[in-house]
$ cat work.pdb   # PDB, C-alpha atoms
MODEL        1
ATOM      1  CA  MET B 228     110.931 127.988 108.006  1.00  0.00           C
ATOM      2  CA  GLU B 229     114.330 126.355 108.000  1.00  0.00           C
ATOM      3  CA  TYR B 230     115.508 125.126 111.408  1.00  0.00           C
ATOM      4  CA  ASN B 231     119.255 125.673 111.689  1.00  0.00           C
ATOM      5  CA  ASP B 232     121.719 123.512 113.628  1.00  0.00           C
ATOM      6  CA  GLN B 233     121.854 125.986 116.495  1.00  0.00           C
ATOM      7  CA  LEU B 234     118.103 125.655 117.036  1.00  0.00           C
ATOM      8  CA  LYS B 235     118.250 121.878 116.767  1.00  0.00           C
ATOM      9  CA  ASN B 236     121.077 121.837 119.325  1.00  0.00           C
ATOM     10  CA  ARG B 237     118.867 123.762 121.760  1.00  0.00           C
ATOM     11  CA  VAL B 238     116.256 121.029 121.496  1.00  0.00           C
ATOM     12  CA  LYS B 239     118.878 118.304 121.892  1.00  0.00           C
ATOM     13  CA  ARG B 240     120.125 120.023 125.058  1.00  0.00           C
ATOM     14  CA  MET B 241     116.579 120.060 126.425  1.00  0.00           C
ATOM     15  CA  GLU B 242     116.242 116.395 125.565  1.00  0.00           C
ATOM     16  CA  GLY B 243     119.394 115.695 127.579  1.00  0.00           C
ATOM     17  CA  GLN B 244     118.076 117.731 130.485  1.00  0.00           C
ATOM     18  CA  LEU B 245     114.824 115.761 130.463  1.00  0.00           C
ATOM     19  CA  ARG B 246     116.717 112.474 130.496  1.00  0.00           C
ATOM     20  CA  GLY B 247     118.728 113.781 133.424  1.00  0.00           C
ATOM     21  CA  ILE B 248     115.523 114.664 135.254  1.00  0.00           C
ATOM     22  CA  LEU B 249     114.148 111.189 134.674  1.00  0.00           C
ATOM     23  CA  LYS B 250     117.379 109.743 136.098  1.00  0.00           C
ATOM     24  CA  MET B 251     117.043 112.021 139.113  1.00  0.00           C
ATOM     25  CA  MET B 252     113.513 110.721 139.659  1.00  0.00           C
ATOM     26  CA  GLU B 253     114.657 107.123 139.324  1.00  0.00           C
ATOM     27  CA  ASP B 254     117.380 107.864 141.905  1.00  0.00           C
ATOM     28  CA  ASN B 255     114.763 109.430 144.231  1.00  0.00           C
ATOM     29  CA  LYS B 256     116.504 112.802 144.314  1.00  0.00           C
ATOM     30  CA  ASP B 257     115.029 115.611 146.372  1.00  0.00           C
ATOM     31  CA  CYS B 258     111.922 117.164 144.804  1.00  0.00           C
ATOM     32  CA  LYS B 259     113.474 120.643 145.028  1.00  0.00           C
ATOM     33  CA  GLU B 260     116.305 119.530 142.722  1.00  0.00           C
ATOM     34  CA  VAL B 261     113.856 117.941 140.280  1.00  0.00           C
ATOM     35  CA  ILE B 262     111.635 121.038 140.209  1.00  0.00           C
ATOM     36  CA  THR B 263     114.669 123.263 139.671  1.00  0.00           C
ATOM     37  CA  GLN B 264     115.686 121.219 136.634  1.00  0.00           C
ATOM     38  CA  LEU B 265     112.119 121.090 135.292  1.00  0.00           C
ATOM     39  CA  SER B 266     111.944 124.865 135.611  1.00  0.00           C
ATOM     40  CA  ALA B 267     115.191 125.169 133.647  1.00  0.00           C
ATOM     41  CA  VAL B 268     113.739 123.005 130.859  1.00  0.00           C
ATOM     42  CA  ARG B 269     110.539 125.067 130.808  1.00  0.00           C
ATOM     43  CA  SER B 270     112.597 128.260 130.461  1.00  0.00           C
ATOM     44  CA  ALA B 271     114.635 126.694 127.659  1.00  0.00           C
ATOM     45  CA  VAL B 272     111.442 125.664 125.850  1.00  0.00           C
ATOM     46  CA  ASP B 273     110.006 129.175 126.215  1.00  0.00           C
ATOM     47  CA  ARG B 274     113.184 130.784 124.876  1.00  0.00           C
ATOM     48  CA  THR B 275     113.328 128.360 121.960  1.00  0.00           C
ATOM     49  CA  MET B 276     109.719 129.063 121.083  1.00  0.00           C
ATOM     50  CA  GLY B 277     110.484 132.781 121.175  1.00  0.00           C
ATOM     51  CA  VAL B 278     113.403 132.327 118.801  1.00  0.00           C
ATOM     52  CA  ILE B 279     111.280 130.292 116.390  1.00  0.00           C
ATOM     53  CA  VAL B 280     108.382 132.754 116.419  1.00  0.00           C
ATOM     54  CA  SER B 281     110.616 135.810 116.061  1.00  0.00           C
ATOM     55  CA  THR B 282     112.612 134.253 113.221  1.00  0.00           C
ATOM     56  CA  ASN B 283     109.422 133.196 111.500  1.00  0.00           C
ATOM     57  CA  LEU B 284     107.946 136.660 112.040  1.00  0.00           C
ATOM     58  CA  VAL B 285     110.906 138.320 110.333  1.00  0.00           C
ATOM     59  CA  ASP B 286     110.644 135.901 107.402  1.00  0.00           C
ATOM     60  CA  CYS B 287     106.882 136.446 107.131  1.00  0.00           C
ATOM     61  CA  VAL B 288     107.163 140.242 107.308  1.00  0.00           C
ATOM     62  CA  VAL B 289     109.790 140.274 104.565  1.00  0.00           C
ATOM     63  CA  GLU B 290     107.626 137.975 102.428  1.00  0.00           C
ATOM     64  CA  ALA B 291     104.468 140.022 103.076  1.00  0.00           C
ATOM     65  CA  GLU B 292     106.288 143.218 102.179  1.00  0.00           C
ATOM     66  CA  LYS B 293     107.480 141.678  98.906  1.00  0.00           C
ATOM     67  CA  ASN B 294     103.953 140.572  98.047  1.00  0.00           C
ATOM     68  CA  GLY B 295     102.332 143.845  99.084  1.00  0.00           C
ATOM     69  CA  GLU B 296     100.382 142.113 101.859  1.00  0.00           C
ATOM     70  CA  ARG B 297      99.365 143.640 105.170  1.00  0.00           C
ATOM     71  CA  MET B 298     102.004 143.093 107.799  1.00  0.00           C
ATOM     72  CA  ASP B 299      99.715 143.765 110.750  1.00  0.00           C
ATOM     73  CA  GLU B 300      98.009 140.385 110.212  1.00  0.00           C
ATOM     74  CA  VAL B 301     101.368 138.602 110.147  1.00  0.00           C
ATOM     75  CA  ILE B 302     102.423 140.316 113.354  1.00  0.00           C
ATOM     76  CA  LYS B 303      99.088 139.555 115.022  1.00  0.00           C
ATOM     77  CA  GLU B 304      99.470 135.880 114.143  1.00  0.00           C
ATOM     78  CA  ALA B 305     102.967 135.769 115.658  1.00  0.00           C
ATOM     79  CA  VAL B 306     101.760 137.407 118.853  1.00  0.00           C
ATOM     80  CA  ASN B 307      98.903 134.907 119.052  1.00  0.00           C
ATOM     81  CA  LEU B 308     101.386 132.052 118.728  1.00  0.00           C
ATOM     82  CA  LEU B 309     103.355 133.396 121.659  1.00  0.00           C
ATOM     83  CA  VAL B 310     100.238 133.951 123.764  1.00  0.00           C
ATOM     84  CA  LYS B 311      98.931 130.442 123.072  1.00  0.00           C
ATOM     85  CA  SER B 312     102.254 128.969 124.125  1.00  0.00           C
ATOM     86  CA  ARG B 313     101.852 130.297 127.679  1.00  0.00           C
TER      87      ARG B 313
ENDMDL
END
$ encode --input "work.pdb" --output "structure tokens"
Amino acid sequence: MEYNDQLKNRVKRMEGQLRGILKMMEDNKDCKEVITQLSAVRSAVDRTMGVIVSTNLVDCVVEAEKNGERMDEVIKEAVNLLVKSR
């Protein structure tokens, strides 16, 4: 799978958020604020994983179709990836 700039930028944004959270901790910010930001990062990670799996699934289905392979196995693998990530 090729990771495009948009996907890489998502990860860079998360990296920035994590650095901000660390700064908040160093500044002894309220735990509610820290948890809110951590929750935002977790949501961003989940969405990014979904984008990667769905993009990969499309690529794999197209490839399987070209090669006459069974697509149900490809789909099952993608679903398992999503389930394991939770």
$ closest_residue --input "work.pdb" --among "B:Cys258, B:Met251, B:Val238, B:Ala305" --to "Thr282 in chain B" --atoms "all atoms listed in the file"
B:Ala305
$ residues_around --input "work.pdb" --residues "Glu304 in chain B" --least-positions-apart "2" --cutoff "12 Å" --atoms "all atoms listed in the file" --output "CSV table (one decimal) with C-alpha atoms, keeping the file's coordinate frame"
chain,number,residue,atom,x,y,z
B,280,VAL,CA,108.4,132.8,116.4
B,281,SER,CA,110.6,135.8,116.1
B,283,ASN,CA,109.4,133.2,111.5
B,284,LEU,CA,107.9,136.7,112.0
B,287,CYS,CA,106.9,136.4,107.1
B,288,VAL,CA,107.2,140.2,107.3
B,297,ARG,CA,99.4,143.6,105.2
B,298,MET,CA,102.0,143.1,107.8
B,299,ASP,CA,99.7,143.8,110.8
B,300,GLU,CA,98.0,140.4,110.2
B,301,VAL,CA,101.4,138.6,110.1
B,302,ILE,CA,102.4,140.3,113.4
B,306,VAL,CA,101.8,137.4,118.9
B,307,ASN,CA,98.9,134.9,119.1
B,308,LEU,CA,101.4,132.1,118.7
B,309,LEU,CA,103.4,133.4,121.7
B,310,VAL,CA,100.2,134.0,123.8
B,311,LYS,CA,98.9,130.4,123.1
$ atom_distance --input "work.pdb" --atom1 "CA of Arg269 in chain B" --atom2 "CA of Gly247 in chain B"
14.2 Å
$ closest_residue --input "work.pdb" --among "B:Glu253, B:Leu265, B:Gln244, B:Ile279" --to "Asn231 in chain B" --atoms "all atoms listed in the file"
B:Ile279
$ residues_around --input "work.pdb" --residues "Ile262 in chain B" --least-positions-apart "4" --cutoff "12 Å" --atoms "all atoms listed in the file" --output "PDB file with C-alpha atoms, in the coordinates of the input"
ATOM      1  CA  LEU B 245     114.824 115.761 130.463  1.00  0.00           C
ATOM      2  CA  ILE B 248     115.523 114.664 135.254  1.00  0.00           C
ATOM      3  CA  LEU B 249     114.148 111.189 134.674  1.00  0.00           C
ATOM      4  CA  MET B 251     117.043 112.021 139.113  1.00  0.00           C
ATOM      5  CA  MET B 252     113.513 110.721 139.659  1.00  0.00           C
ATOM      6  CA  LYS B 256     116.504 112.802 144.314  1.00  0.00           C
ATOM      7  CA  ASP B 257     115.029 115.611 146.372  1.00  0.00           C
ATOM      8  CA  CYS B 258     111.922 117.164 144.804  1.00  0.00           C
ATOM      9  CA  SER B 266     111.944 124.865 135.611  1.00  0.00           C
ATOM     10  CA  ALA B 267     115.191 125.169 133.647  1.00  0.00           C
ATOM     11  CA  VAL B 268     113.739 123.005 130.859  1.00  0.00           C
ATOM     12  CA  ARG B 269     110.539 125.067 130.808  1.00  0.00           C
TER      13      ARG B 269
END
$ atom_distance --input "work.pdb" --atom1 "CA of Lys293 in chain B" --atom2 "CA of Arg274 in chain B"
28.7 Å
$ atom_distance --input "work.pdb" --atom1 "CA of Ala291 in chain B" --atom2 "CA of Tyr230 in chain B"
20.3 Å
$ resolve_selection --input "work.pdb" --expression "the PyMOL selection byres ((chain B and resi 234) around 12)" --output "list in words"
Met228, Glu229, Tyr230, Asn231, Asp232, Gln233, Lys235, Asn236, Arg237, Val238, Lys239, Arg240, Met241, Ala271, Val272, Arg274, Thr275, Met276, Gly277, Val278, Ile279 and Thr282 of chain B
$ axis_aligned_box --input "work.pdb" --around "range 255-266 of chain B" --padding-each-side "5 Å" --output "AutoDock Vina command-line options"
--center_x 114.1 --center_y 117.1 --center_z 140.8 --size_x 14.9 --size_y 25.4 --size_z 21.1
$ closest_residue --input "work.pdb" --among "B:Gln264, B:Asp286, B:Gly295, B:Asp273" --to "Gly243 in chain B" --atoms "only C-alpha atoms"
B:Gln264
$ build_atoms --input "work.pdb" --residues "range 274-288 of chain B" --atoms "N, CA, C and O atoms" --output "short mmCIF file (atom, residue, chain, number, x, y, z; two decimals), in the coordinates of the input"
data_model
loop_
_atom_site.label_atom_id
_atom_site.label_comp_id
_atom_site.auth_asym_id
_atom_site.auth_seq_id
_atom_site.Cartn_x
_atom_site.Cartn_y
_atom_site.Cartn_z
N ARG B 274 112.22 130.00 125.67
CA ARG B 274 113.18 130.78 124.88
C ARG B 274 113.27 130.26 123.45
O ARG B 274 113.34 131.04 122.49
N THR B 275 113.26 128.95 123.30
CA THR B 275 113.33 128.36 121.96
C THR B 275 112.10 128.72 121.14
O THR B 275 112.20 129.06 119.96
N MET B 276 110.94 128.67 121.79
CA MET B 276 109.72 129.06 121.08
C MET B 276 109.79 130.53 120.66
O MET B 276 109.38 130.88 119.55
N GLY B 277 110.33 131.37 121.51
CA GLY B 277 110.48 132.78 121.18
C GLY B 277 111.39 132.98 119.98
O GLY B 277 111.10 133.80 119.09
N VAL B 278 112.48 132.23 119.94
CA VAL B 278 113.40 132.33 118.80
C VAL B 278 112.71 131.89 117.51
O VAL B 278 112.82 132.56 116.48
N ILE B 279 111.97 130.79 117.59
CA ILE B 279 111.28 130.29 116.39
C ILE B 279 110.24 131.29 115.91
O ILE B 279 110.19 131.62 114.72
N VAL B 280 109.43 131.80 116.82
CA VAL B 280 108.38 132.75 116.42
C VAL B 280 108.99 134.03 115.87
O VAL B 280 108.56 134.55 114.84
N SER B 281 110.03 134.55 116.54
CA SER B 281 110.62 135.81 116.06
C SER B 281 111.30 135.64 114.71
O SER B 281 111.18 136.50 113.83
N THR B 282 111.98 134.51 114.52
CA THR B 282 112.61 134.25 113.22
C THR B 282 111.56 134.12 112.14
O THR B 282 111.69 134.68 111.05
N ASN B 283 110.51 133.38 112.46
CA ASN B 283 109.42 133.20 111.50
C ASN B 283 108.74 134.53 111.21
O ASN B 283 108.38 134.80 110.06
N LEU B 284 108.58 135.35 112.23
CA LEU B 284 107.95 136.66 112.04
C LEU B 284 108.75 137.50 111.06
O LEU B 284 108.19 138.11 110.15
N VAL B 285 110.05 137.54 111.24
CA VAL B 285 110.91 138.32 110.33
C VAL B 285 110.74 137.81 108.90
O VAL B 285 110.54 138.60 107.97
N ASP B 286 110.80 136.48 108.74
CA ASP B 286 110.64 135.90 107.40
C ASP B 286 109.29 136.25 106.80
O ASP B 286 109.18 136.61 105.63
N CYS B 287 108.24 136.16 107.62
CA CYS B 287 106.88 136.45 107.13
C CYS B 287 106.69 137.92 106.79
O CYS B 287 106.03 138.25 105.81
N VAL B 288 107.28 138.80 107.59
CA VAL B 288 107.16 140.24 107.31
C VAL B 288 107.87 140.58 106.00
O VAL B 288 107.34 141.32 105.16
#
